[in-house]
Each structure stands twice: as structure tokens, then as C-alpha cells.
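Trainee: Handing over structure.cif, mmCIF, C-alpha atoms.
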data_target
#
loop_
_atom_site.label_atom_id
_atom_site.label_comp_id
_atom_site.auth_asym_id
_atom_site.auth_seq_id
_atom_site.Cartn_x
_atom_site.Cartn_y
_atom_site.Cartn_z
CA MET A 660 0.00 0.00 0.00
CA LYS A 661 1.48 3.33 -1.07
CA ASN A 662 2.00 6.24 1.33
CA ALA A 663 2.45 3.89 4.31
CA HIS A 664 5.62 5.82 5.15
CA LYS A 665 5.90 9.56 5.25
CA LEU A 666 9.43 9.70 3.70
CA SER A 667 11.24 7.24 1.43
CA ILE A 668 15.00 7.72 1.05
CA VAL A 669 16.30 6.09 -2.14
CA ILE A 670 20.05 5.40 -2.34
CA PRO A 671 21.60 4.02 -5.55
CA VAL A 672 25.05 2.56 -4.87
CA TYR A 673 27.85 1.12 -6.94
CA ASN A 674 31.02 -0.13 -5.27
CA ARG A 675 30.75 2.18 -2.24
CA GLN A 676 30.20 -0.21 0.64
CA ASP A 677 32.18 1.81 3.19
CA SER A 678 30.53 5.15 2.45
CA LEU A 679 27.10 3.50 2.35
CA ASP A 680 27.73 2.00 5.81
CA LEU A 681 28.60 5.44 7.19
CA LEU A 682 25.54 7.01 5.57
CA LEU A 683 23.18 4.37 6.96
CA LEU A 684 24.72 4.68 10.41
CA CYS A 685 24.19 8.45 10.27
CA LEU A 686 20.57 7.90 9.25
CA SER A 687 20.04 5.28 11.93
CA ASN A 688 21.25 7.64 14.65
CA SER A 689 18.91 10.39 13.43
CA ILE A 690 15.94 8.05 13.10
CA VAL A 691 16.37 6.68 16.61
CA ALA A 692 16.97 10.13 18.13
CA GLY A 693 13.83 11.52 16.48
CA ASN A 694 11.73 8.39 17.01
CA PHE A 695 11.00 8.27 13.27
CA LYS A 696 11.31 4.52 12.68
CA ASN A 697 7.65 4.24 11.64
CA GLU A 698 7.82 7.25 9.33
CA ILE A 699 10.97 6.46 7.34
CA GLU A 700 11.92 3.77 4.87
CA VAL A 701 15.30 3.43 3.15
CA ILE A 702 15.69 1.72 -0.22
CA VAL A 703 19.20 0.76 -1.35
CA ILE A 704 19.71 -0.19 -5.00
CA ASP A 705 22.97 -2.05 -5.67
CA ASP A 706 23.68 -1.24 -9.31
CA HIS A 707 25.40 -4.59 -9.92
CA SER A 708 28.57 -3.84 -7.95
CA PRO A 709 31.42 -6.36 -8.57
CA ILE A 710 31.10 -7.36 -4.92
CA ALA A 711 27.45 -7.38 -3.86
CA ILE A 712 26.46 -4.61 -1.46
CA THR A 713 25.25 -5.68 1.98
CA VAL A 714 23.36 -3.84 4.72
CA LEU A 715 23.24 -4.48 8.45
CA ASP A 716 20.12 -4.70 10.59
CA TYR A 717 18.78 -1.25 11.43
CA PRO A 718 15.87 -0.08 13.60
CA PHE A 719 13.90 1.12 10.59
CA SER A 720 12.45 -0.27 7.36
CA ILE A 721 15.19 -0.93 4.82
CA ILE A 722 14.99 -2.63 1.43
CA LEU A 723 18.06 -3.82 -0.46
CA THR A 724 17.74 -4.84 -4.10
CA ARG A 725 20.43 -5.65 -6.65
CA ASN A 726 20.22 -4.89 -10.37
CA SER A 727 20.88 -7.86 -12.66
CA GLU A 728 23.21 -5.61 -14.67
CA ASN A 729 24.70 -2.15 -14.33
CA LYS A 730 21.89 0.22 -15.26
CA GLY A 731 23.23 3.60 -14.09
CA ALA A 732 22.01 6.00 -11.43
CA PRO A 733 18.85 7.33 -13.19
CA ARG A 734 17.43 3.85 -13.82
CA SER A 735 18.39 2.77 -10.29
CA ARG A 736 16.55 5.78 -8.85
CA GLU A 737 13.48 4.85 -10.87
CA ILE A 738 13.65 1.27 -9.56
CA GLY A 739 13.96 2.61 -6.01
CA PHE A 740 11.02 4.95 -6.53
CA THR A 741 8.91 2.05 -7.82
CA LEU A 742 9.68 0.08 -4.66
CA SER A 743 9.01 3.01 -2.34
CA ASN A 744 5.87 3.73 -0.33
CA GLY A 745 6.45 7.23 1.00
CA HIS A 746 4.24 10.23 0.46
CA PHE A 747 7.56 12.08 -0.01
CA VAL A 748 10.72 10.77 -1.72
CA HIS A 749 14.34 11.80 -1.39
CA PHE A 750 17.17 10.57 -3.64
CA HIS A 751 20.60 10.52 -2.02
CA ASP A 752 24.04 9.61 -3.36
CA SER A 753 25.80 6.94 -1.35
CA ASP A 754 28.98 8.98 -0.86
CA ASP A 755 27.17 12.02 0.56
CA SER A 756 25.73 12.39 4.05
CA PHE A 757 23.50 14.51 6.29
CA SER A 758 24.00 17.04 9.06
CA ASP A 759 22.99 15.84 12.53
CA TYR A 760 19.79 17.91 12.42
CA TRP A 761 18.83 17.20 8.77
CA LEU A 762 16.23 14.50 9.34
CA ASN A 763 14.53 16.17 12.29
CA GLU A 764 14.16 19.47 10.40
CA ILE A 765 12.96 17.71 7.24
CA MET A 766 10.29 15.76 9.12
CA ASN A 767 9.08 18.92 10.85
CA GLU A 768 8.83 20.67 7.50
CA LEU A 769 6.86 17.82 5.92
CA GLN A 770 4.53 17.77 8.92
CA LEU A 771 3.86 21.49 8.61
CA HIS A 772 3.45 21.42 4.80
CA PRO A 773 1.95 18.06 3.79
CA LYS A 774 0.80 19.39 0.40
CA LEU A 775 4.18 20.65 -0.83
CA ASP A 776 5.53 19.41 -4.17
CA VAL A 777 9.23 20.25 -3.83
CA LEU A 778 11.31 21.10 -0.76
CA MET A 779 14.76 22.63 -1.35
CA THR A 780 17.47 22.64 1.32
CA GLY A 781 21.01 23.95 1.55
CA ARG A 782 24.22 21.94 1.65
CA ILE A 783 27.75 21.86 2.98
CA ASP A 784 30.29 21.30 0.21
CA ILE A 785 33.36 19.35 1.26
CA ASP A 786 36.47 19.40 -0.91
CA ALA A 787 40.14 18.71 -0.21
CA GLN A 788 40.65 22.08 1.52
CA ASN A 789 37.38 23.48 2.83
CA LYS A 790 33.85 23.04 4.06
CA THR A 791 31.58 25.64 2.45
CA VAL A 792 27.91 26.30 3.19
CA LYS A 793 25.90 26.73 -0.02
CA SER A 794 22.28 27.55 -0.78
CA GLN A 795 20.23 27.90 -3.95
CA LYS A 796 19.69 31.65 -3.77
CA TYR A 797 17.63 32.06 -6.94
CA PHE A 798 15.27 29.24 -5.94
CA HIS A 799 14.90 30.77 -2.47
CA LYS A 800 14.13 34.18 -3.93
CA GLN A 801 11.61 32.86 -6.48
CA VAL A 802 10.04 30.09 -4.39
CA GLN A 803 6.58 31.62 -4.87
CA HIS A 804 7.04 31.68 -8.66
CA PRO A 805 7.65 28.18 -10.12
CA GLU A 806 7.37 29.57 -13.65
CA ASN A 807 10.41 31.80 -13.07
CA ILE A 808 12.41 28.90 -11.69
CA LYS A 809 11.56 26.78 -14.72
CA SER A 810 12.65 29.59 -17.06
CA ARG A 811 15.99 29.83 -15.23
CA LEU A 812 16.45 26.05 -15.33
CA ILE A 813 16.68 26.18 -19.11
CA TYR A 814 20.04 27.94 -18.74
CA ARG A 815 21.31 27.09 -15.26
CA ASN A 816 20.79 24.37 -12.70
CA CYS A 817 19.52 26.70 -9.99
CA MET A 818 18.51 23.79 -7.73
CA GLY A 819 21.88 22.08 -7.22
CA PRO A 820 22.45 18.36 -6.50
CA LEU A 821 19.62 15.92 -5.82
CA GLY A 822 20.70 15.52 -2.20
CA GLY A 823 19.19 18.93 -1.47
CA VAL A 824 15.68 18.14 -2.74
CA ILE A 825 12.61 16.32 -1.41
CA PHE A 826 9.81 15.50 -3.88
CA SER A 827 6.21 14.56 -3.33
CA ARG A 828 5.26 11.16 -4.75
CA GLU A 829 2.49 12.85 -6.72
CA ILE A 830 4.92 15.09 -8.59
CA LEU A 831 7.31 12.22 -9.41
CA LEU A 832 4.47 10.16 -10.87
CA LYS A 833 4.08 12.87 -13.52
CA ILE A 834 7.64 12.67 -14.90
CA THR A 835 9.87 10.24 -16.77
CA PHE A 836 13.26 9.18 -15.39
CA LYS A 837 15.65 9.78 -18.29
CA SER A 838 19.04 8.03 -18.44
CA PHE A 839 21.30 11.00 -19.14
CA LEU A 840 25.06 10.54 -18.73
CA SER A 841 25.12 13.73 -16.65
CA CYS A 842 22.68 16.56 -15.81
CA GLN A 843 20.28 13.88 -14.54
CA ASP A 844 19.13 16.00 -11.61
CA TRP A 845 18.84 19.10 -13.82
CA GLN A 846 16.54 17.29 -16.25
CA MET A 847 14.42 15.97 -13.36
CA TYR A 848 13.99 19.51 -12.00
CA ILE A 849 12.79 20.85 -15.35
CA ASP A 850 10.14 18.13 -15.53
CA THR A 851 8.98 18.38 -11.91
CA ILE A 852 8.82 22.19 -11.72
CA GLU A 853 6.55 22.19 -14.77
CA HIS A 854 3.92 20.43 -12.63
CA ALA A 855 4.75 21.89 -9.21
CA LYS A 856 2.47 24.32 -7.41
CA LEU A 857 3.76 24.48 -3.85
CA LEU A 858 7.52 24.93 -3.39
CA ARG A 859 9.39 25.37 -0.12
CA SER A 860 12.92 26.62 0.52
CA ARG A 861 14.87 25.86 3.70
CA PRO A 862 18.49 26.91 3.08
CA ASP A 863 19.23 26.47 6.80
CA ILE A 864 18.85 22.66 6.55
CA HIS A 865 22.05 21.09 5.20
CA PHE A 866 23.03 17.84 3.61
CA ILE A 867 26.72 17.00 3.17
CA PHE A 868 27.96 17.08 -0.45
CA ASP A 869 31.31 15.32 -0.88
CA LYS A 870 33.09 16.78 -3.92
CA THR A 871 36.28 14.74 -3.49
CA GLY A 872 35.19 11.43 -5.02
CA ASP A 873 37.07 10.50 -8.20
CA ASP A 874 33.98 8.83 -9.69
CA ARG A 875 31.85 11.97 -9.52
CA ILE A 876 30.27 12.68 -12.93
CA SER A 877 31.50 16.26 -12.59
CA HIS A 878 35.06 14.86 -12.83
CA ASN A 879 34.34 13.01 -16.10
CA PRO A 880 34.65 15.30 -19.16
CA ARG A 881 33.07 12.84 -21.58
CA LYS A 882 29.96 12.22 -19.47
CA LYS A 883 29.65 15.92 -18.63
CA LEU A 884 29.67 16.97 -22.29
CA LEU A 885 27.37 14.20 -23.50
CA GLY A 886 24.93 14.92 -20.68
CA HIS A 887 24.69 18.57 -21.69
CA SER A 888 24.15 17.52 -25.30
CA GLN A 889 21.28 15.27 -24.20
CA LEU A 890 19.84 18.07 -22.08
CA ALA A 891 19.95 20.50 -25.02
CA LYS A 892 17.59 18.22 -26.96
CA ILE A 893 14.97 18.96 -24.30
CA THR A 894 15.63 22.56 -23.32
CA TYR A 895 15.92 24.00 -26.84
CA GLN A 896 12.15 23.73 -27.28
CA TYR A 897 11.61 26.09 -24.31
CA SER A 898 14.22 28.67 -25.33
CA PRO A 899 13.89 31.43 -27.95
CA PHE A 900 17.49 30.55 -28.93
CA LYS A 901 16.38 27.06 -29.97
CA LYS A 902 19.31 24.80 -30.97
CA TYR A 903 21.86 27.52 -30.23
CA ILE A 904 21.34 26.56 -26.61
CA ARG A 905 23.87 23.77 -27.15
CA LEU A 906 26.54 26.39 -27.93
CA PHE A 907 25.67 28.13 -24.66
CA TYR A 908 26.20 24.84 -22.84
CA LEU A 909 29.49 24.29 -24.68
CA TYR A 910 30.88 27.51 -23.29
CA THR A 911 29.79 26.65 -19.75
CA CYS A 912 31.63 23.31 -20.20
CA LYS A 913 34.81 24.78 -21.67
CA GLU A 914 37.00 23.38 -18.89
CA HIS A 915 35.71 19.89 -19.65
CA ILE A 916 36.19 20.46 -23.38
CA TYR A 917 39.87 21.26 -22.89
CA ASN A 918 40.24 18.21 -20.64
CA LYS A 919 38.49 16.01 -23.18
CA GLY A 920 40.31 17.23 -26.30
CA GLY A 921 39.61 15.56 -29.64
CA SER A 922 36.96 16.64 -32.15
CA ILE A 923 34.92 18.59 -29.59
CA LEU A 924 37.92 20.74 -28.71
CA ASN A 925 38.64 21.30 -32.41
CA PHE A 926 35.03 22.38 -32.95
CA TYR A 927 35.21 24.70 -29.94
CA LYS A 928 38.40 26.37 -31.12
CA LYS A 929 37.11 26.75 -34.68
CA ASN A 930 33.84 28.34 -33.49
CA ARG A 931 35.14 30.06 -30.36
CA PHE A 932 33.90 33.59 -31.17
CA LYS A 933 30.45 32.38 -32.20
CA ILE A 934 30.16 30.28 -29.04
CA ILE A 935 31.28 33.15 -26.80
CA GLY A 936 28.85 35.50 -28.58
CA ILE A 937 25.94 33.11 -28.02
CA PHE A 938 26.94 32.67 -24.39
CA LEU A 939 26.98 36.44 -23.77
CA LEU A 940 23.66 36.94 -25.57
CA VAL A 941 21.91 34.13 -23.72
CA SER A 942 23.38 35.23 -20.37
CA LEU A 943 22.13 38.77 -20.91
CA TYR A 944 18.70 37.46 -21.90
CA TRP A 945 18.10 35.25 -18.87
CA ARG A 946 19.38 37.87 -16.49
CA LEU A 947 16.91 40.41 -17.84
CA THR A 948 13.90 38.08 -17.95
#
Starting from the coordinates I provided, produce the structure as C-alpha cells.
Mentor:
Amino acid sequence: MKNAHKLSIVIPVYNRQDSLDLLLLCLSNSIVAGNFKNEIEVIVIDDHSPIAITVLDYPFSIILTRNSENKGAPRSREIGFTLSNGHFVHFHDSDDSFSDYWLNEIMNELQLHPKLDVLMTGRIDIDAQNKTVKSQKYFHKQVQHPENIKSRLIYRNCMGPLGGVIFSREILLKITFKSFLSCQDWQMYIDTIEHAKLLRSRPDIHFIFDKTGDDRISHNPRKKLLGHSQLAKITYQYSPFKKYIRLFYLYTCKEHIYNKGGSILNFYKKNRFKIIGIFLLVSLYWRLT
């Protein structure tokens, strides 16, 4: 029976047993401290890791399933969503974590606003040198105007990583999980905001975003570029710049282009002035609208 749990936390995992163990321990401590064991379920999707993922016994509902082949994070999230029962759903990467107060504040927010479609929180970025508190300032400013947020999403991911977002089940049932090589969260936001009516912003609630992992998509030039190319096939229909939107994305990915090299770099160098011109024009447009 759906909606038996208030919040489902879906965690795709591939080859990250140690970080998953730490994440589940963190969740367990928060669930016990807040007495939320009857309001939380956790669904772990092992995306066919070479050594099968295991989970310990925890004082809350936990489901572990293993894909018969490596399907990627978007498909694993969809599988987790299908198995979930919560009225609200949160997707979390296995190498990220939560602040000590994250769960308690989230549950309070969901209790106060049971009809919300999307809840946005802040995060703490961790890299090799620093811990930096971040928030989605544009989303926070425009939280009463979903149409403005959708317009901005065509050009910028103004909602950040998936770890900072809670969705209602109702809103997720209206979208399709697309298997992009990157920009997966960005694409999901565009689809969900189109249907969303009630948004909430709580930049004072933080999840922990670990930027140091070598297998982050943001560290993979090929996946980053191909993901933006896939995204452009969707966003161009919403932009007055149409297919030139891909040149705008190319400029925003210039660091990855130089890291990737090859034919994409040759194209970028050959069309550099056109690409920069499109970038400046588009940037001016979305800042004025």
C-alpha cells in the first residue's frame, strides 16, 4: 500500500560499501533520536557492484535490491522509486551524508506542509581544503514563482544536486526518469517544476555534499559533455534561442572540453567567437527576464 511511510530515502550505490555504511549509520542515529522509525523507509539499490552490497540490521524499514546488470544511477533511482511507499521521496548519493539535524528538520517541515511538491534545502560542500555552506539563492528568492524557476532552469541548474531536494510522490508520478550521462538532476527539475504548485525553501537545513570522489560525474569530461548535449535536446524547445542553446552549454563546459580534447575541442576552437557571442547573448537574456 502506497504512502504507508511519510518519507522514502532512495540510495543508488555502486562499489561504495564503506561510504554507504557510514551514511546508513548516520541515518540510523537520526531516526532513533527523532523516534521516526515508523515514518521512514530506506531503499538501497545495488547497481550490480562487482562485490554485492550488503546492509546491516537497522531499527527502521530498509529494502536492499540488486540490479541484474549495471543500469546507471537514473534507472536505479526509478527502480527505487517504484519500490518506495512514501508520500515524499528523497534521492541521495551513497557517498554524501546529512548534518545531525537534517532529518529532524525535514520531518518537521513535511509535517507542517503536507501538500508541498518540492522542498529545497542547503548543503555543505566538502572538498580537499574546505567546508563551504551553499544555498540555492535564486530558488529561495523565487520560491513563490515556479514559472520563473523553470525559465531559469533552461540555462542554469539553480537547484543544485539531488541531495538537497525532497519530492512529493504525486509530482514524481508525472515525470519520466531519463538516463542521461550527466545533468540527470537538472533534467528531473525541469520536468517536476513544470507540474509543481507548492515549493518550499529551507536553506538552513544542510546535507553534506562530498566533492572529493574520483567517480563523480563532474570529474568526467566525456559524461559531462554528453549529458549537456542530451539536455539541449529537451531545453531547446523552451528557449527562444532554440538549438543555439547547445553552444551556450558548450561555453559553460569549456573546462571539460579542454580536458576532453579531440573533435569537440577542435570544434570549440574553430567556433570560439560564435560560441562566446551566443553565451553572452543568452546570459544577458536570462538575467533580464
Trainee: Quick one: pull the distance between CA of His751 in chain A and CA of Phe836 in chain A, Å, one decimal.
Mentor: 15.3 Å
Trainee: Using only C-alpha atoms, list the residues that have an atom at most 9 Å from (26.1, 19.4, -22.2), coordinates as in the file, as a ChimeraX atom specification.
Mentor: /A:841-842,882-891,905,908-909,911-912
Trainee: Return as a PDB file with C-alpha atoms, in the frame of the given file the set of residues that the PyMOL selection byres ((chain A and resi 915) around 8) yields on the displayed structure.
Mentor:
ATOM      1  CA  ASN A 879      34.340  13.010 -16.100  1.00  0.00           C
ATOM      2  CA  PRO A 880      34.650  15.300 -19.160  1.00  0.00           C
ATOM      3  CA  ARG A 881      33.070  12.840 -21.580  1.00  0.00           C
ATOM      4  CA  LYS A 883      29.650  15.920 -18.630  1.00  0.00           C
ATOM      5  CA  LEU A 884      29.670  16.970 -22.290  1.00  0.00           C
ATOM      6  CA  CYS A 912      31.630  23.310 -20.200  1.00  0.00           C
ATOM      7  CA  LYS A 913      34.810  24.780 -21.670  1.00  0.00           C
ATOM      8  CA  GLU A 914      37.000  23.380 -18.890  1.00  0.00           C
ATOM      9  CA  ILE A 916      36.190  20.460 -23.380  1.00  0.00           C
ATOM     10  CA  TYR A 917      39.870  21.260 -22.890  1.00  0.00           C
ATOM     11  CA  ASN A 918      40.240  18.210 -20.640  1.00  0.00           C
ATOM     12  CA  LYS A 919      38.490  16.010 -23.180  1.00  0.00           C
TER      13      LYS A 919
END
Trainee: Which residues, named as in the file, does the PyMOL selection byres ((chain A and resi 722) around 9) pick out? Answer as a PyMOL selection string.
Mentor: chain A and resi 700-704+720-721+723-724+742
Trainee: Need the shell around Leu939 in chain A: protein/DNA/RNA residues with any atom at most 12 Å away, counting only C-alpha atoms. Skip same-chain ones fewer than 6 positions apart. Format as a list in words?
Mentor: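 Once the nearby chain positions are removed, what remains is Ile904, Leu906, Phe907, Tyr908, Tyr910, Thr911, Phe932, Lys933, Trp945 and Arg946 of chain A.
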Trainee: Please write as a ChimeraX atom specification the list of polymer residues whose atoms come within 10 Å of (16.5, 16.8, 10.3), counting all atoms listed in the file and keeping to the coordinates of the file.
Mentor: /A:686,689-690,693,757-768,864-866
Trainee: Evaluate the PyMOL selection byres ((chain A and resi 707) around 6) on the structure here and hand back the selected residues as a PyMOL selection string.
Mentor: chain A and resi 705-706+708+726+728-729
Trainee: Please produce, as CSV, a per-residue contact table for range 673-755 of chain A versus range 813-834 of chain A (criterion: any atom at most 9 Å away, only C-alpha atoms considered), showing the nearest atom pair and its distance in Å to one decimal, sorted by chain then residue number.
Mentor:
residue,atom,partner,partner_atom,distance
A:Phe740,CA,A:Arg828,CA,8.7
A:Asn744,CA,A:Arg828,CA,8.7
A:Gly745,CA,A:Arg828,CA,7.1
A:His746,CA,A:Arg828,CA,5.4
A:Phe747,CA,A:Ser827,CA,4.4
A:Val748,CA,A:Phe826,CA,5.3
A:His749,CA,A:Ile825,CA,4.8
A:Phe750,CA,A:Gly822,CA,6.2
A:His751,CA,A:Gly822,CA,5.0
A:Asp752,CA,A:Gly822,CA,6.9
A:Asp755,CA,A:Gly822,CA,7.9
Trainee: Would you mind telling me which residue in A:Thr835, A:Ser898, A:Asn925, A:Ser794 lies nearest to Leu812 in chain A when using only C-alpha atoms?
Mentor: A:Ser898
Trainee: Work out how far CA of Asn688 in chain A is from CA of Asp716 in chain A, in Å to one decimal.
Mentor: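 Distance reported for this atom pair: 13.0 Å.
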Trainee: In Å to one decimal, how far is CA of Ile712 in chain A from CA of Arg675 in chain A?
Mentor: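 Computing it gives 8.1 Å between the two atoms.
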Trainee: Do a neighbour search on Asp680 in chain A at 12 Å with all atoms listed in the file, toss out local chain neighbours closer than 4 positions, and write the hits as a list in words.
Mentor: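 Within the cut-off, the hits are Ile670, Val672, Asn674, Arg675, Gln676, Leu684, Cys685, Leu686, Ser687, Val703, Ile712, Thr713, Val714, Leu715, Asp716, Tyr717, Ser753, Asp754, Asp755 and Ser756 of chain A.
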Trainee: Tell me which protein, DNA and RNA residues are within 12 Å of Thr791 in chain A, counting all atoms listed in the file, leaving out same-chain ones fewer than 6 positions away, and put them as number ranges by chain.
Mentor: A: 781-785, 865-870
Trainee: Using the file's own x, y and z axes, so that the box edges lie along x, y and z, what centre and edge lengths in Å (one decimal) does a box around every listed atom of range 829-840 of chain A get when 5 Å is added on each side? Give it as JSON.
Mentor:
{"center_x": 13.8, "center_y": 11.6, "center_z": -12.9, "size_x": 32.6, "size_y": 17.1, "size_z": 22.4}
